[in-house]
Each structure stands twice: as structure tokens, then as C-alpha cells.
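Asks: Sharing start-v4.cif, mmCIF, C-alpha atoms:
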data_coords
loop_
_atom_site.label_atom_id
_atom_site.label_comp_id
_atom_site.auth_asym_id
_atom_site.auth_seq_id
_atom_site.Cartn_x
_atom_site.Cartn_y
_atom_site.Cartn_z
CA MET W 1 121.71 115.43 6.19
CA THR W 2 120.51 114.25 9.54
CA SER W 3 116.85 114.71 10.25
CA LEU W 4 115.85 116.70 13.31
CA GLY W 5 114.19 113.76 15.01
CA SER W 6 117.01 111.25 14.50
CA PRO W 7 119.01 109.78 17.41
CA VAL W 8 122.18 111.48 16.17
CA ALA W 9 120.51 114.87 16.23
CA ALA W 10 119.18 114.20 19.69
CA ALA W 11 122.68 113.35 20.85
CA HIS W 12 123.99 116.62 19.41
CA ASP W 13 121.19 118.47 21.18
CA ARG W 14 122.20 116.91 24.50
CA GLN W 15 125.83 117.93 23.97
CA ASP W 16 124.74 121.50 23.30
CA GLU W 17 122.74 121.69 26.54
CA PRO W 18 124.27 123.78 29.30
CA LEU W 19 126.15 121.91 31.98
CA ALA W 20 123.46 122.81 34.50
CA ALA W 21 120.94 120.73 32.55
CA ARG W 22 122.96 117.50 32.85
CA HIS W 23 123.08 115.76 36.20
CA GLY W 24 124.01 112.21 35.33
CA PHE W 25 126.21 109.93 37.40
CA ARG W 26 128.94 109.90 34.76
CA ASP W 27 128.87 113.69 34.49
CA SER W 28 129.47 114.00 38.23
CA VAL W 29 132.39 111.59 38.15
CA ARG W 30 133.91 113.29 35.11
CA GLY W 31 133.48 116.66 36.80
CA ALA W 32 135.35 115.45 39.87
CA VAL W 33 138.18 114.11 37.72
CA ARG W 34 138.33 117.33 35.71
CA ARG W 35 138.53 119.47 38.85
CA ALA W 36 141.37 117.31 40.17
CA ARG W 37 143.28 117.64 36.89
CA HIS W 38 142.86 121.42 37.06
CA GLY W 39 144.43 121.63 40.49
CA ASP W 40 141.36 121.36 42.74
CA LEU W 41 142.64 118.30 44.60
CA GLY W 42 140.54 118.77 47.72
CA MET W 43 141.33 116.19 50.41
CA LEU W 44 142.69 113.57 48.02
CA PRO W 45 146.44 114.08 48.80
CA VAL W 46 146.05 113.92 52.59
CA VAL W 47 143.73 110.89 52.43
CA ALA W 48 146.29 109.15 50.24
CA GLY W 49 148.97 110.17 52.72
CA VAL W 50 147.06 108.64 55.63
CA VAL W 51 146.67 105.38 53.70
CA VAL W 52 150.40 105.27 52.94
CA ILE W 53 151.41 106.10 56.53
CA TRP W 54 149.06 103.52 58.03
CA THR W 55 150.20 100.87 55.56
CA ILE W 56 153.87 101.46 56.35
CA PHE W 57 153.47 101.44 60.12
CA GLN W 58 151.15 98.42 60.08
CA SER W 59 153.72 96.47 58.06
CA LEU W 60 156.40 97.40 60.63
CA ASN W 61 154.28 96.78 63.73
CA ARG W 62 151.12 94.66 63.68
CA THR W 63 149.62 96.47 66.67
CA PHE W 64 149.47 99.87 64.95
CA LEU W 65 145.98 99.35 63.52
CA SER W 66 144.71 97.43 66.54
CA SER W 67 141.53 98.81 68.05
CA THR W 68 143.35 99.61 71.28
CA ASN W 69 145.92 101.79 69.54
CA LEU W 70 143.29 103.51 67.40
CA VAL W 71 141.27 104.41 70.51
CA ASN W 72 144.42 105.95 72.00
CA LEU W 73 145.01 107.74 68.70
CA ALA W 74 141.48 109.18 68.83
CA PHE W 75 142.16 110.52 72.33
CA ASP W 76 145.56 111.98 71.42
CA MET W 77 144.27 113.79 68.34
CA VAL W 78 141.77 115.98 70.13
CA SER W 79 143.68 118.71 71.95
CA LEU W 80 146.08 119.38 69.07
CA GLY W 81 143.23 119.08 66.57
CA VAL W 82 141.15 121.74 68.33
CA ILE W 83 144.15 124.09 68.30
CA ALA W 84 144.64 123.35 64.58
CA LEU W 85 141.00 124.33 63.98
CA GLY W 86 141.88 127.80 65.21
CA ILE W 87 144.91 127.93 62.94
CA VAL W 88 142.62 127.20 59.98
CA CYS W 89 140.64 130.35 60.83
CA VAL W 90 143.65 132.69 60.73
CA LEU W 91 145.25 131.04 57.71
CA LEU W 92 142.03 131.55 55.76
CA VAL W 93 142.45 135.33 56.09
CA GLY W 94 146.14 135.15 55.21
CA GLN W 95 147.43 135.67 58.76
CA ILE W 96 149.26 133.49 61.28
CA ASP W 97 149.22 132.93 65.04
CA LEU W 98 152.47 131.65 66.52
CA SER W 99 151.23 131.78 70.11
CA VAL W 100 148.54 129.09 70.04
CA GLY W 101 150.71 126.65 71.98
CA SER W 102 151.51 129.18 74.68
CA MET W 103 147.85 130.22 74.77
CA SER W 104 146.85 126.62 75.37
CA GLY W 105 149.36 126.47 78.24
CA VAL W 106 147.92 129.61 79.84
CA ALA W 107 144.40 128.17 79.48
CA ALA W 108 145.48 124.91 81.11
CA ALA W 109 147.09 126.82 84.00
CA THR W 110 143.98 129.00 84.35
CA THR W 111 141.82 125.88 84.56
CA GLY W 112 144.03 124.41 87.28
CA VAL W 113 144.10 127.65 89.30
CA VAL W 114 140.32 128.16 89.17
CA MET W 115 139.44 124.51 89.86
CA VAL W 116 142.06 123.63 92.47
CA ARG W 117 143.35 126.78 94.14
CA HIS W 118 140.05 128.64 94.18
CA GLU W 119 137.89 125.48 94.34
CA GLN W 120 135.42 126.66 91.74
CA SER W 121 133.27 124.58 89.39
CA VAL W 122 134.53 122.96 86.21
CA TRP W 123 132.28 125.15 84.06
CA LEU W 124 133.62 128.35 85.60
CA ALA W 125 137.19 127.16 85.03
CA VAL W 126 136.50 126.33 81.37
CA LEU W 127 134.73 129.67 80.79
CA ALA W 128 137.61 131.55 82.42
CA ALA W 129 140.13 129.83 80.16
CA ALA W 130 138.03 130.47 77.05
CA GLY W 131 137.60 134.10 78.08
CA VAL W 132 141.35 134.56 78.36
CA GLY W 133 141.70 133.12 74.86
CA ALA W 134 139.00 135.37 73.38
CA LEU W 135 140.55 138.46 74.99
CA SER W 136 144.00 137.68 73.62
CA GLY W 137 142.57 137.18 70.13
CA TRP W 138 140.77 140.53 70.34
CA LEU W 139 144.05 142.20 71.34
CA TYR W 140 145.83 140.67 68.34
CA GLY W 141 143.13 142.08 66.10
CA GLN W 142 143.54 145.57 67.55
CA VAL W 143 147.33 145.46 67.21
CA LEU W 144 147.00 144.44 63.56
CA ASN W 145 144.20 146.86 62.64
CA ARG W 146 145.20 149.96 64.60
CA PHE W 147 148.99 149.81 64.50
CA GLY W 148 149.63 147.69 61.41
CA VAL W 149 151.91 145.30 63.26
CA PRO W 150 152.21 142.09 61.21
CA SER W 151 150.54 139.11 62.85
CA PHE W 152 153.83 137.19 62.72
CA VAL W 153 155.50 139.76 65.00
CA ALA W 154 152.48 140.36 67.25
CA THR W 155 151.86 136.68 67.93
CA LEU W 156 155.57 136.01 68.39
CA GLY W 157 155.49 138.58 71.16
CA GLY W 158 152.36 136.92 72.50
CA LEU W 159 154.15 133.57 72.54
CA LEU W 160 156.80 134.94 74.89
CA ALA W 161 154.31 136.85 77.03
CA PHE W 162 152.04 133.83 77.48
CA LEU W 163 154.99 131.65 78.46
CA GLY W 164 155.70 134.11 81.25
CA ALA W 165 152.03 134.25 82.23
CA GLN W 166 151.87 130.46 82.41
CA LEU W 167 154.86 130.31 84.74
CA TRP W 168 153.40 133.11 86.88
CA LEU W 169 150.06 131.31 87.23
CA LEU W 170 151.78 128.12 88.33
CA ARG W 171 154.02 130.17 90.67
CA GLY W 172 156.94 127.81 90.91
CA GLN W 173 154.87 124.63 90.97
CA ASN W 174 155.76 121.98 88.44
CA ALA W 175 152.09 121.08 88.06
CA ILE W 176 148.59 121.57 89.41
CA ASN W 177 146.89 118.19 89.55
CA LEU W 178 143.22 118.15 88.58
CA PRO W 179 140.84 115.96 90.64
CA TYR W 180 140.49 112.53 89.05
CA ASP W 181 136.84 112.40 90.03
CA SER W 182 135.99 115.67 88.25
CA ALA W 183 133.76 115.54 85.19
CA LEU W 184 136.44 117.22 83.08
CA VAL W 185 139.05 114.53 83.73
CA LYS W 186 136.53 111.70 83.33
CA PHE W 187 135.40 113.21 80.04
CA ALA W 188 138.98 113.18 78.73
CA GLN W 189 139.95 109.75 80.02
CA VAL W 190 137.17 107.27 80.73
CA TRP W 191 133.90 108.39 79.17
CA PHE W 192 132.90 106.53 75.99
CA VAL W 193 129.82 106.68 73.78
CA PRO W 194 127.39 103.79 74.33
CA GLU W 195 127.60 101.34 71.44
CA ALA W 196 124.02 101.78 70.19
CA LEU W 197 124.29 105.56 70.36
CA ALA W 198 127.59 105.48 68.46
CA TYR W 199 125.97 103.54 65.60
CA ALA W 200 123.08 106.01 65.60
CA PHE W 201 125.51 108.93 65.37
CA MET W 202 127.22 107.38 62.36
CA LEU W 203 123.96 106.76 60.51
CA LEU W 204 122.86 110.30 61.33
CA ALA W 205 126.14 111.66 59.94
CA ALA W 206 125.77 109.74 56.66
CA GLY W 207 122.11 110.74 56.38
CA GLY W 208 122.96 114.36 57.08
CA PHE W 209 125.65 114.29 54.39
CA LEU W 210 123.10 113.01 51.87
CA ALA W 211 120.40 115.49 52.91
CA VAL W 212 122.73 118.49 52.74
CA GLY W 213 124.12 117.37 49.38
CA LEU W 214 120.65 116.92 47.89
CA ALA W 215 119.48 120.29 49.19
CA ARG W 216 122.54 122.03 47.75
CA ALA W 217 122.13 120.26 44.40
CA ARG W 218 118.46 121.27 44.28
CA SER W 219 119.24 124.92 44.98
CA ARG W 220 121.95 124.96 42.31
CA ARG W 221 119.58 123.46 39.74
CA ARG W 222 117.00 126.12 40.53
CA ALA W 223 119.66 128.77 39.97
CA GLY W 224 120.64 127.22 36.62
CA LEU W 225 124.04 126.05 37.85
CA SER W 226 125.75 122.68 37.50
CA SER W 227 125.00 120.24 40.31
CA VAL W 228 126.05 116.82 41.55
CA SER W 229 124.06 113.79 40.48
CA PRO W 230 121.72 112.37 43.19
CA ARG W 231 123.07 108.91 42.34
CA TRP W 232 126.63 110.12 42.94
CA LEU W 233 125.57 111.61 46.27
CA ALA W 234 123.88 108.34 47.21
CA VAL W 235 127.03 106.37 46.40
CA GLN W 236 129.13 108.75 48.50
CA SER W 237 126.68 108.54 51.40
CA LEU W 238 126.61 104.74 51.33
CA ALA W 239 130.39 104.61 51.26
CA LEU W 240 130.57 107.07 54.16
CA ALA W 241 128.01 105.11 56.16
CA ALA W 242 129.87 101.84 55.59
CA ALA W 243 133.20 103.38 56.64
CA LEU W 244 131.76 105.01 59.76
CA LEU W 245 129.85 101.92 60.87
CA PHE W 246 132.94 99.76 60.44
CA ALA W 247 135.00 102.28 62.42
CA VAL W 248 132.50 102.14 65.30
CA TYR W 249 132.43 98.34 65.20
CA TYR W 250 136.22 98.17 65.23
CA LEU W 251 136.69 100.65 68.09
CA ASN W 252 134.01 98.92 70.13
CA ARG W 253 136.11 95.77 70.10
CA THR W 254 138.00 97.37 73.00
CA ARG W 255 136.76 100.53 74.72
CA GLY W 256 134.70 102.28 72.03
CA VAL W 257 134.40 105.83 70.72
CA PRO W 258 135.61 108.49 73.21
CA TRP W 259 133.23 111.34 73.98
CA MET W 260 136.25 113.61 73.75
CA PHE W 261 136.70 112.67 70.09
CA VAL W 262 132.97 113.22 69.47
CA LEU W 263 133.40 116.77 70.81
CA PHE W 264 136.26 117.37 68.38
CA VAL W 265 134.22 116.14 65.42
CA ALA W 266 131.30 118.31 66.56
CA LEU W 267 133.57 121.37 66.61
CA VAL W 268 134.79 120.49 63.11
CA LEU W 269 131.19 120.29 61.85
CA VAL W 270 130.22 123.56 63.53
CA LEU W 271 133.19 125.38 62.01
CA HIS W 272 132.44 123.77 58.63
CA TYR W 273 128.89 125.14 58.82
CA VAL W 274 130.16 128.60 59.76
CA LEU W 275 132.65 128.63 56.89
CA THR W 276 130.28 127.34 54.22
CA ARG W 277 126.82 128.55 55.21
CA THR W 278 127.23 131.92 56.93
CA ARG W 279 128.13 135.45 55.94
CA LEU W 280 131.13 135.33 58.28
CA GLY W 281 132.50 132.27 56.48
CA ARG W 282 132.16 133.91 53.08
CA SER W 283 133.88 137.00 54.43
CA LEU W 284 136.80 134.97 55.77
CA TYR W 285 137.38 133.40 52.35
CA ALA W 286 136.94 136.74 50.58
CA VAL W 287 139.43 138.58 52.79
CA GLY W 288 141.95 135.76 52.47
CA GLY W 289 141.55 135.69 48.70
CA ASN W 290 141.96 139.45 48.21
CA ALA W 291 141.62 141.82 51.15
CA GLU W 292 141.39 144.96 49.00
CA ALA W 293 138.70 143.49 46.76
CA ALA W 294 136.78 142.39 49.86
CA ARG W 295 136.99 145.93 51.28
CA ARG W 296 135.68 147.43 48.06
CA ALA W 297 132.84 144.91 48.10
CA GLY W 298 131.69 146.33 51.43
CA ILE W 299 133.22 143.79 53.82
CA ASP W 300 134.57 145.14 57.10
CA VAL W 301 138.05 143.68 56.72
CA ARG W 302 139.21 144.81 60.15
CA ALA W 303 136.29 143.12 61.87
CA VAL W 304 136.97 139.93 59.93
CA TYR W 305 140.62 139.91 61.01
CA THR W 306 139.62 140.43 64.65
CA THR W 307 137.00 137.68 64.48
CA ALA W 308 139.50 135.24 62.97
CA PHE W 309 142.00 135.90 65.77
CA VAL W 310 139.31 135.59 68.46
CA MET W 311 138.19 132.26 67.02
CA CYS W 312 141.79 131.04 66.82
CA SER W 313 142.74 131.99 70.37
CA THR W 314 139.48 130.69 71.85
CA LEU W 315 139.96 127.32 70.16
CA ALA W 316 143.60 127.27 71.30
CA ALA W 317 142.44 127.85 74.88
CA THR W 318 139.88 125.06 74.50
CA GLY W 319 142.61 122.75 73.26
CA GLY W 320 144.70 123.63 76.30
CA VAL W 321 141.83 122.79 78.66
CA LEU W 322 141.38 119.41 76.95
CA ALA W 323 145.14 118.75 77.13
CA ALA W 324 145.12 119.42 80.88
CA ALA W 325 142.07 117.18 81.29
CA ARG W 326 143.75 114.40 79.35
CA LEU W 327 146.81 114.54 81.63
CA ALA W 328 144.74 115.35 84.74
CA ALA W 329 147.24 118.15 85.36
CA ALA W 330 148.29 121.60 84.21
CA ASN W 331 152.07 121.78 84.18
CA GLN W 332 154.86 123.98 82.89
CA SER W 333 155.29 121.92 79.73
CA THR W 334 151.64 122.16 78.61
CA GLY W 335 151.52 123.92 75.25
CA THR W 336 155.30 124.18 74.92
CA ALA W 337 157.76 122.15 72.81
CA ASP W 338 156.35 121.50 69.32
CA VAL W 339 152.66 122.27 69.93
CA ASN W 340 152.78 125.53 67.93
CA LEU W 341 154.50 124.01 64.94
CA ASN W 342 152.43 120.83 64.96
CA ALA W 343 149.17 122.79 65.05
CA ILE W 344 150.24 124.91 62.07
CA ALA W 345 151.58 121.84 60.27
CA ALA W 346 148.31 119.98 60.85
CA ALA W 347 146.26 122.75 59.24
CA VAL W 348 148.60 123.01 56.25
CA ILE W 349 149.01 119.26 55.76
CA GLY W 350 145.23 118.93 55.88
CA GLY W 351 144.89 121.26 52.90
CA THR W 352 144.63 124.82 54.23
CA SER W 353 146.61 127.19 52.04
CA LEU W 354 149.35 129.36 53.51
CA PHE W 355 148.42 131.94 50.86
CA GLY W 356 144.95 132.47 52.34
CA GLY W 357 141.48 132.01 50.92
CA ARG W 358 141.48 128.21 50.67
CA GLY W 359 140.91 125.56 53.30
CA SER W 360 138.23 123.88 55.37
CA ALA W 361 137.50 122.74 58.90
CA PHE W 362 138.18 119.16 57.86
CA ALA W 363 141.79 120.17 57.15
CA ALA W 364 142.45 120.20 60.88
CA LEU W 365 140.92 116.76 61.35
CA LEU W 366 142.89 115.14 58.54
CA GLY W 367 146.11 117.02 59.26
CA VAL W 368 146.21 116.09 62.94
CA LEU W 369 145.39 112.50 61.96
CA VAL W 370 148.55 112.45 59.84
CA ILE W 371 150.74 113.99 62.57
CA GLN W 372 149.43 111.81 65.40
CA SER W 373 149.64 108.69 63.24
CA ILE W 374 153.33 109.40 62.67
CA SER W 375 153.87 109.99 66.40
CA SER W 376 151.97 106.84 67.39
CA GLY W 377 153.73 104.67 64.82
CA LEU W 378 157.20 105.81 65.85
CA THR W 379 156.35 105.31 69.53
CA LEU W 380 155.31 101.72 68.83
CA LEU W 381 158.61 101.22 67.02
CA SER W 382 160.48 102.60 70.06
CA LEU W 383 162.08 105.35 67.99
CA ASP W 384 162.88 108.72 69.56
CA SER W 385 161.31 112.06 68.67
CA SER W 386 164.09 113.03 66.26
CA TYR W 387 162.56 110.75 63.62
CA ARG W 388 159.12 112.27 64.22
CA PHE W 389 160.44 115.79 63.65
CA VAL W 390 162.19 114.79 60.42
CA ILE W 391 159.23 112.84 59.02
CA THR W 392 156.68 115.52 59.98
CA GLY W 393 158.89 118.19 58.40
CA CYS W 394 159.13 116.21 55.17
CA VAL W 395 155.36 115.67 55.08
CA LEU W 396 154.80 119.39 55.66
CA LEU W 397 157.20 120.27 52.85
CA VAL W 398 155.38 117.93 50.46
CA ALA W 399 152.02 119.39 51.49
CA VAL W 400 153.13 122.98 50.85
CA ALA W 401 154.70 121.96 47.52
CA LEU W 402 151.44 120.29 46.46
CA ASP W 403 149.49 123.38 47.51
CA SER W 404 151.77 125.64 45.46
CA ALA W 405 151.58 123.37 42.42
CA ALA W 406 147.79 123.09 42.70
CA ARG W 407 147.52 126.86 43.04
CA ARG W 408 149.51 127.42 39.85
CA SER W 409 147.40 124.81 38.04
CA ARG W 410 144.16 126.49 39.14
CA GLN W 411 145.45 129.86 37.95
CA ALA W 412 146.48 128.37 34.60
CA HIS W 413 142.95 126.98 34.13
CA GLY W 414 141.25 130.16 35.29
CA ARG W 415 140.03 128.73 38.61
CA GLY W 416 141.89 131.19 40.87
#
Re-express the file's structure as C-alpha cells.

Replies:
Amino acid sequence: MTSLGSPVAAAHDRQDEPLAARHGFRDSVRGAVRRARHGDLGMLPVVAGVVVIWTIFQSLNRTFLSSTNLVNLAFDMVSLGVIALGIVCVLLVGQIDLSVGSMSGVAAATTGVVMVRHEQSVWLAVLAAAGVGALSGWLYGQVLNRFGVPSFVATLGGLLAFLGAQLWLLRGQNAINLPYDSALVKFAQVWFVPEALAYAFMLLAAGGFLAVGLARARSRRRAGLSSVSPRWLAVQSLALAAALLFAVYYLNRTRGVPWMFVLFVALVLVLHYVLTRTRLGRSLYAVGGNAEAARRAGIDVRAVYTTAFVMCSTLAATGGVLAAARLAAANQSTGTADVNLNAIAAAVIGGTSLFGGRGSAFAALLGVLVIQSISSGLTLLSLDSSYRFVITGCVLLVAVALDSAARRSRQAHGRG
């Protein structure tokens, strides 16, 4: 018989402790592996996809990972990425918005009309475009809540209506050129973060990641819940800091980090905070997971739907303004073609579930990185858009298949 004070007995005592009492480095790593095996893959598939895509295109064209091309990639990601952020909001509540591309076109045309035709300030033009987006999102919410029209049908009608509105605003003109000396165009084309400030931003981001992780782990320990090891958080923070600092160094070999891309990342972080640290964020996940259960829990489901559509349309309008600024023009093709499908594909490829209730703001960032990487790589190879459509469609199919498989695995292991 083993005595109570023996090492073997002590080991048995440690095994019998609740999970919340163990916070070792190995426990954190094992927990991450266990969650992945149970279907909680997080961002692992899309990160692996980015690595594979970059490796393939770099092997085919040595300029793909050059700092010059990556700076252009950072610019090109922004407008579509901001629109994809809005798609994340509506997908979280189990709805869809098929008019985000057309909404971005109307916002771009509104910006051009206010700035050029009416000679108003940049800020007034941007606010007018955002206001149009917010109003359209509110209307979608009313159509869904009061008349029960499915969001697929309502936003499909909006797609057609906004196409007509865009053409009416332009009134037969092919384009409205924005002044090259305006702050909006300079922001989207020639403004870059000073090198020292860029390094400071990256260190602040890594430090913020560590501080937030430690605070969350501390609160979970106080509540008697399992938490991540501080050593594991420190390793993650150091790895993040090294990656970010190298990225800044590499981009600064040519032009540097665009302010436009910094704005996109800031929007991602703001939405991430809203989704993870506010009552609205919890309500979005709850309604997307089970709308009836959320209603019985006291959540105003109708208000949540309306808020999700307002956020989506406002972000779509913001993306349209940035697209017009990038081109220094609002034209009839802004927001048309494959913008709708690419925005939805970016959100889904990044990890947002089509079934509702699962996803994050970072899904838009990673998803648009995949899509724009494919577009950039094929452009460097002088291949036409037909290849991009086929490859993007295949990637989207794989992403949805992985999401479905992970969902079944989570249900089988009781993780929902």
C-alpha cells in the first residue's frame, strides 16, 4: 500500500485535481491539441492554406514574396477585407447579405458626388456614404423582422436596387475622378507609417496580446475554470512579436506599411473586441447558435438582426469608399463583378460558419489574405481571371467542407 506522503500518492493527487487547478505549459499545449482533435480547429486550416499558397506561387515566380508585391497586396486587401468584416457580422446570426458589393458601389458614387459635384469636404462625403449604408442595413432588418422576408431574397432585391442607384448617381458618366491631392486619395495611395512608429505598433500589439491573455487567464482562475499557462502565453506573444517585427522590417525594404492597411487591422481589432467583450457580441453568437433559445433567454432577437445588418452595410459602404480612394475614382464597375462573392468567400474561408454562431473578426483578415494572394499570384504569372475563379471556388469548397466536418466532430464530442 502506498503511503499518503509518497511521491506516487502525490502524483495521484495531482491527477485528481480539477483542470482549473493545473496551468502548466504542457497542459496548455495538450489542451490546444485536444481541442483541435475534437473539431475546434480555429485558424489552423486557413493559416496552413496561406503557407501552401505562398509556397506554390513563390516557387513559380520569385517576385511573389518580394517586399514590393507584399506592399501592393496589403493595399489590395483592404477594401474587400472591410466588406468581408460586415459579412462576418451577418453570418454570425445565420443570415446573409448579397448586396454588399452593390452597396459599396453606391457608397463610392455617393463619395464622388459629394466631393466633386457638390464640392464638399472629404469627411462629409465619407459620413454621407456611411449613412447610406447604415440606412440600408436598418431597412433590411425591418423587412426581415416585420414581414418575415428571408434575408437572401431581401438582399438580392437590394443588390438590383443599388445597382440602379449607382448608375443614377453617376448619371451616364463612366466615372467621377476624385482629386489626387485630397487626403482620402493620399491615404489610400501614398501615405505610409513612419518606420519607428510601425515598430512601436508591432510591439504594442504583441504586448497587448500578452496583457489581454494574462487578464483573461487570471479571471478564469478566480472563477475556478481552466486557463492558459502564462508560459504558453509568453511563448505565443514572443512568436507574434518576432513575426510582426520581421514583417515591418521586410515591408520597409521598399515603401513600408500603408496607413490604409493599419486602418483595416484597427477595424478588425475593434470588431474583435465587440464580439468577444460586449453584450452585443455575446448576443450575436447566441442568436446565430439558436435564435429561439436566445429569445427565451431574454435577448431581443429582432434588434440583434437589425444591428447585424446595419454593421454589415456600414462596413460595406466603408469598403466602397476605400475602393474609390484606391482608384481615385468612383465608376460604374465599383462593387460589381465578383465583389459580392469574394467578400462572402473571404469570411467563410477565414473560418466563419455558414450555419451561424461561429466565427471571428480575424476570419475576414485571413480569408481576404487567401483570396488576394491567389489573385496576385495569378496576375504575376500572367494568367487570366478564369483560373482565379476556379481556384477560389475550390478553396471555398474545401473551407465549407472543413467547417461541416469540424461541426460534426464538435457535436460528437459534446462541444456544440

Asks: I would like the residues chosen by the PyMOL selection byres ((chain W and resi 254) around 10) on the shown file; could you give them as a PyMOL selection string?

Replies: chain W and resi 66-71+249-253+255-257

Asks: What's the separation between atom CA of W:Arg358 and atom CA of W:Val78, in Å to one decimal place?

Replies: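 Result for atom CA of W:Arg358 versus atom CA of W:Val78: 23.0 Å, one decimal.
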
Asks: Using the chain letters and numbering of this document, enumerate as a ChimeraX atom specification the residues selected by the PyMOL selection byres ((chain W and resi 179-189) around 6).

Replies: /W:178,190-191,260,325-326,328

Asks: Which residues fall under the PyMOL selection byres ((chain W and resi 329) around 12) in this file, as a PyMOL selection string?

Replies: chain W and resi 105+107-113+115-116+170+173-180+182+184-185+188+320-328+330-334

Asks: Using all atoms listed in the file, which of the listed residues (W:Val132, W:Ile83, W:Ala161, W:Val248) sits closest to W:Val193?

Replies: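 Once distances to W:Val193 are computed over all atoms listed in the file, the minimum belongs to W:Val248.
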
Asks: Would you compute the distance between atom CA of W:Ala206 and atom CA of W:Leu233? Give it in Å to one decimal.

Replies: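 These atoms are spaced 10.6 Å apart.
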
Asks: With all atoms listed in the file as the basis for distance, which of W:Ala198, W:Ala215, W:Leu163, W:Met103 is at the shortest distance from W:Leu244?

Replies: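 Distance minimum relative to W:Leu244 lands on W:Ala198.
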
Asks: Identify the residues around (146.1, 115.8, 59.6) within a radius of 8 Å, measuring from only C-alpha atoms in the coordinates stated by the file, and give them as a ChimeraX atom specification.

Replies: /W:46,346-347,349-350,363-372
